Amino acid sequence: MLTTLQTAYSDTRAADLAWALGREPLPALAVLDLQLGGAQLQLRLLGASHQVLLEEDGGSCSETVACIPGSSTPLPLGVAKRLGEWEYEFAARVETLSADSFAGRAQELLALVTDHPHGLAGTFPGSPHAFTAMLAQRTEGQVWWRTWHAYPQEGQLVVTRTRVGVRTPAVAHRNF
């Protein structure tokens, strides 16, 4: 699903993004509710940022990547945490691209997410390559989502990947 976000595009920077777990739902500009197996997933565009809310029998999870005033947790390269019965893994990277490469990558990503039944993308008025996009899936009992936050004025694309699923017990190894 592709939408134009009804907000002015502000000159936020990739370096201003912060990460948080467990935040309450924030006001969203666009929302996509998904049922993935037994999981209820809500993808939320908050402007140049995102929030994902996950509910399942094993518990709940709220991930926020946003320019959060007063936040002391910058965007980490990676996080692995236990959330009750779940394992949570998050990874982020920043891609810096030339203007031509950025435009092409933006078009590819928007086409991918727009045509996907579990995708949500929002573009900003005033810049054809300013967008936030999200894509979710469920495989083998794990819920996954990827996000892209585009900053064309910097030529930067922030890419995140998250996996949440039930912990699997360690297998005891025996010497035979």
# chains A, B, ... in the order shown; residues from 1 in each chain; ligands from 1

call {"tool": "residues_around", "arguments": {"residues": "A:Asp57", "least_positions_apart": "6", "cutoff": "10 Å", "atoms": "only C-alpha atoms", "output": "PyMOL selection string"}}
result
chain A and resi 38-40+85

call {"tool": "residues_around", "arguments": {"residues": "A:Gln153", "least_positions_apart": "4", "cutoff": "12 Å", "atoms": "only C-alpha atoms", "output": "count of residues only"}}
result
19

call {"tool": "select_by_dssp", "arguments": {"residues": "chain A", "states": "strand (DSSP E)", "output": "JSON, numbers by chain"}}
result
{"A": [2, 3, 4, 18, 19, 20, 21, 30, 31, 32, 33, 34, 35, 36, 39, 40, 41, 42, 43, 44, 45, 50, 51, 52, 53, 54, 55, 56, 59, 60, 61, 62, 63, 64, 65, 66, 78, 79, 80, 81, 82, 83, 86, 87, 88, 89, 90, 91, 92, 93, 94, 95, 96, 119, 120, 121, 122, 123, 131, 132, 133, 134, 135, 136, 137, 138, 139, 142, 143, 144, 145, 146, 147, 148, 149, 150, 151, 156, 157, 158, 159, 160, 161, 162, 163, 164, 165, 166]}

call {"tool": "closest_residue", "arguments": {"among": "A:Pro125, A:Gly104, A:Gly58, A:Pro25", "to": "A:Leu5", "atoms": "only C-alpha atoms"}}
result
A:Pro125

call {"tool": "closest_residue", "arguments": {"among": "A:Gly119, A:Pro152, A:Pro76, A:Pro69", "to": "A:Leu34", "atoms": "only C-alpha atoms"}}
result
A:Gly119

call {"tool": "residues_around", "arguments": {"residues": "A:Ala121", "least_positions_apart": "5", "cutoff": "8 Å", "atoms": "only C-alpha atoms", "output": "ChimeraX atom specification"}}
result
/A:1-3,45,110,113-114,131-134

call {"tool": "residues_around", "arguments": {"residues": "A:Ala20", "least_positions_apart": "3", "cutoff": "8 Å", "atoms": "only C-alpha atoms", "output": "list of chain:residue names"}}
result
A:Arg23, A:Glu63, A:Thr64, A:Val65, A:Thr73

call {"tool": "write_last_selection", "arguments": {"atoms": "C-alpha atoms", "output": "PDB file, in the first residue's frame"}}
result
ATOM      1  CA  ARG A  23       6.779   2.559  23.743  1.00  0.00           C
ATOM      2  CA  GLU A  63       9.413  -1.235  18.225  1.00  0.00           C
ATOM      3  CA  THR A  64       9.889   2.437  17.438  1.00  0.00           C
ATOM      4  CA  VAL A  65      12.528   3.970  15.174  1.00  0.00           C
ATOM      5  CA  THR A  73      19.223   5.656  22.688  1.00  0.00           C
TER       6      THR A  73
END

call {"tool": "closest_residue", "arguments": {"among": "A:Ile68, A:His149, A:Ala28, A:Trp144", "to": "A:Phe90", "atoms": "only C-alpha atoms"}}
result
A:Trp144

call {"tool": "select_by_dssp", "arguments": {"residues": "stretch 95-131 of chain A", "states": "alpha helix (DSSP H)", "output": "PyMOL selection string"}}
result
chain A and resi 99-114

call {"tool": "write_last_selection", "arguments": {"atoms": "N, CA, C and O atoms", "output": "PDB file, in the first residue's frame"}}
result
ATOM      1  N   ALA A  99      23.292  10.784  -6.023  1.00  0.00           N
ATOM      2  CA  ALA A  99      21.935  11.250  -6.339  1.00  0.00           C
ATOM      3  C   ALA A  99      21.242  10.312  -7.331  1.00  0.00           C
ATOM      4  O   ALA A  99      20.075   9.958  -7.161  1.00  0.00           O
ATOM      5  N   ASP A 100      21.958   9.881  -8.387  1.00  0.00           N
ATOM      6  CA  ASP A 100      21.359   8.977  -9.379  1.00  0.00           C
ATOM      7  C   ASP A 100      21.054   7.610  -8.776  1.00  0.00           C
ATOM      8  O   ASP A 100      19.988   7.046  -9.004  1.00  0.00           O
ATOM      9  N   SER A 101      21.994   7.081  -8.008  1.00  0.00           N
ATOM     10  CA  SER A 101      21.780   5.775  -7.372  1.00  0.00           C
ATOM     11  C   SER A 101      20.632   5.845  -6.374  1.00  0.00           C
ATOM     12  O   SER A 101      19.829   4.913  -6.266  1.00  0.00           O
ATOM     13  N   PHE A 102      20.556   6.959  -5.648  1.00  0.00           N
ATOM     14  CA  PHE A 102      19.497   7.124  -4.651  1.00  0.00           C
ATOM     15  C   PHE A 102      18.129   7.097  -5.328  1.00  0.00           C
ATOM     16  O   PHE A 102      17.216   6.406  -4.874  1.00  0.00           O
ATOM     17  N   ALA A 103      17.981   7.831  -6.423  1.00  0.00           N
ATOM     18  CA  ALA A 103      16.699   7.891  -7.135  1.00  0.00           C
ATOM     19  C   ALA A 103      16.285   6.504  -7.622  1.00  0.00           C
ATOM     20  O   ALA A 103      15.127   6.104  -7.475  1.00  0.00           O
ATOM     21  N   GLY A 104      17.216   5.747  -8.184  1.00  0.00           N
ATOM     22  CA  GLY A 104      16.914   4.409  -8.667  1.00  0.00           C
ATOM     23  C   GLY A 104      16.542   3.466  -7.536  1.00  0.00           C
ATOM     24  O   GLY A 104      15.577   2.698  -7.650  1.00  0.00           O
ATOM     25  N   ARG A 105      17.298   3.519  -6.452  1.00  0.00           N
ATOM     26  CA  ARG A 105      17.016   2.659  -5.290  1.00  0.00           C
ATOM     27  C   ARG A 105      15.650   3.001  -4.700  1.00  0.00           C
ATOM     28  O   ARG A 105      14.888   2.112  -4.328  1.00  0.00           O
ATOM     29  N   ALA A 106      15.332   4.293  -4.616  1.00  0.00           N
ATOM     30  CA  ALA A 106      14.034   4.724  -4.087  1.00  0.00           C
ATOM     31  C   ALA A 106      12.901   4.157  -4.934  1.00  0.00           C
ATOM     32  O   ALA A 106      11.919   3.623  -4.393  1.00  0.00           O
ATOM     33  N   GLN A 107      13.019   4.230  -6.238  1.00  0.00           N
ATOM     34  CA  GLN A 107      11.971   3.707  -7.126  1.00  0.00           C
ATOM     35  C   GLN A 107      11.812   2.197  -6.959  1.00  0.00           C
ATOM     36  O   GLN A 107      10.694   1.683  -6.910  1.00  0.00           O
ATOM     37  N   GLU A 108      12.932   1.468  -6.868  1.00  0.00           N
ATOM     38  CA  GLU A 108      12.874   0.014  -6.686  1.00  0.00           C
ATOM     39  C   GLU A 108      12.163  -0.355  -5.386  1.00  0.00           C
ATOM     40  O   GLU A 108      11.314  -1.248  -5.362  1.00  0.00           O
ATOM     41  N   LEU A 109      12.548   0.304  -4.305  1.00  0.00           N
ATOM     42  CA  LEU A 109      11.976  -0.020  -2.996  1.00  0.00           C
ATOM     43  C   LEU A 109      10.491   0.314  -2.929  1.00  0.00           C
ATOM     44  O   LEU A 109       9.697  -0.470  -2.402  1.00  0.00           O
ATOM     45  N   LEU A 110      10.125   1.475  -3.458  1.00  0.00           N
ATOM     46  CA  LEU A 110       8.708   1.847  -3.430  1.00  0.00           C
ATOM     47  C   LEU A 110       7.872   0.871  -4.261  1.00  0.00           C
ATOM     48  O   LEU A 110       6.764   0.499  -3.860  1.00  0.00           O
ATOM     49  N   ALA A 111       8.397   0.425  -5.405  1.00  0.00           N
ATOM     50  CA  ALA A 111       7.666  -0.557  -6.223  1.00  0.00           C
ATOM     51  C   ALA A 111       7.537  -1.879  -5.476  1.00  0.00           C
ATOM     52  O   ALA A 111       6.458  -2.486  -5.453  1.00  0.00           O
ATOM     53  N   LEU A 112       8.601  -2.334  -4.837  1.00  0.00           N
ATOM     54  CA  LEU A 112       8.583  -3.588  -4.076  1.00  0.00           C
ATOM     55  C   LEU A 112       7.530  -3.548  -2.975  1.00  0.00           C
ATOM     56  O   LEU A 112       6.704  -4.449  -2.851  1.00  0.00           O
ATOM     57  N   VAL A 113       7.552  -2.495  -2.180  1.00  0.00           N
ATOM     58  CA  VAL A 113       6.659  -2.409  -1.023  1.00  0.00           C
ATOM     59  C   VAL A 113       5.219  -2.148  -1.453  1.00  0.00           C
ATOM     60  O   VAL A 113       4.284  -2.741  -0.912  1.00  0.00           O
ATOM     61  N   THR A 114       5.019  -1.297  -2.432  1.00  0.00           N
ATOM     62  CA  THR A 114       3.666  -0.958  -2.890  1.00  0.00           C
ATOM     63  C   THR A 114       2.936  -2.184  -3.413  1.00  0.00           C
ATOM     64  O   THR A 114       1.739  -2.347  -3.173  1.00  0.00           O
TER      65      THR A 114
END

call {"tool": "atom_distance", "arguments": {"atom1": "atom CA of A:Glu89", "atom2": "atom CA of A:Val164"}}
result
6.5 Å

call {"tool": "atom_distance", "arguments": {"atom1": "atom CA of A:Leu77", "atom2": "atom CA of A:Arg93"}}
result
6.3 Å
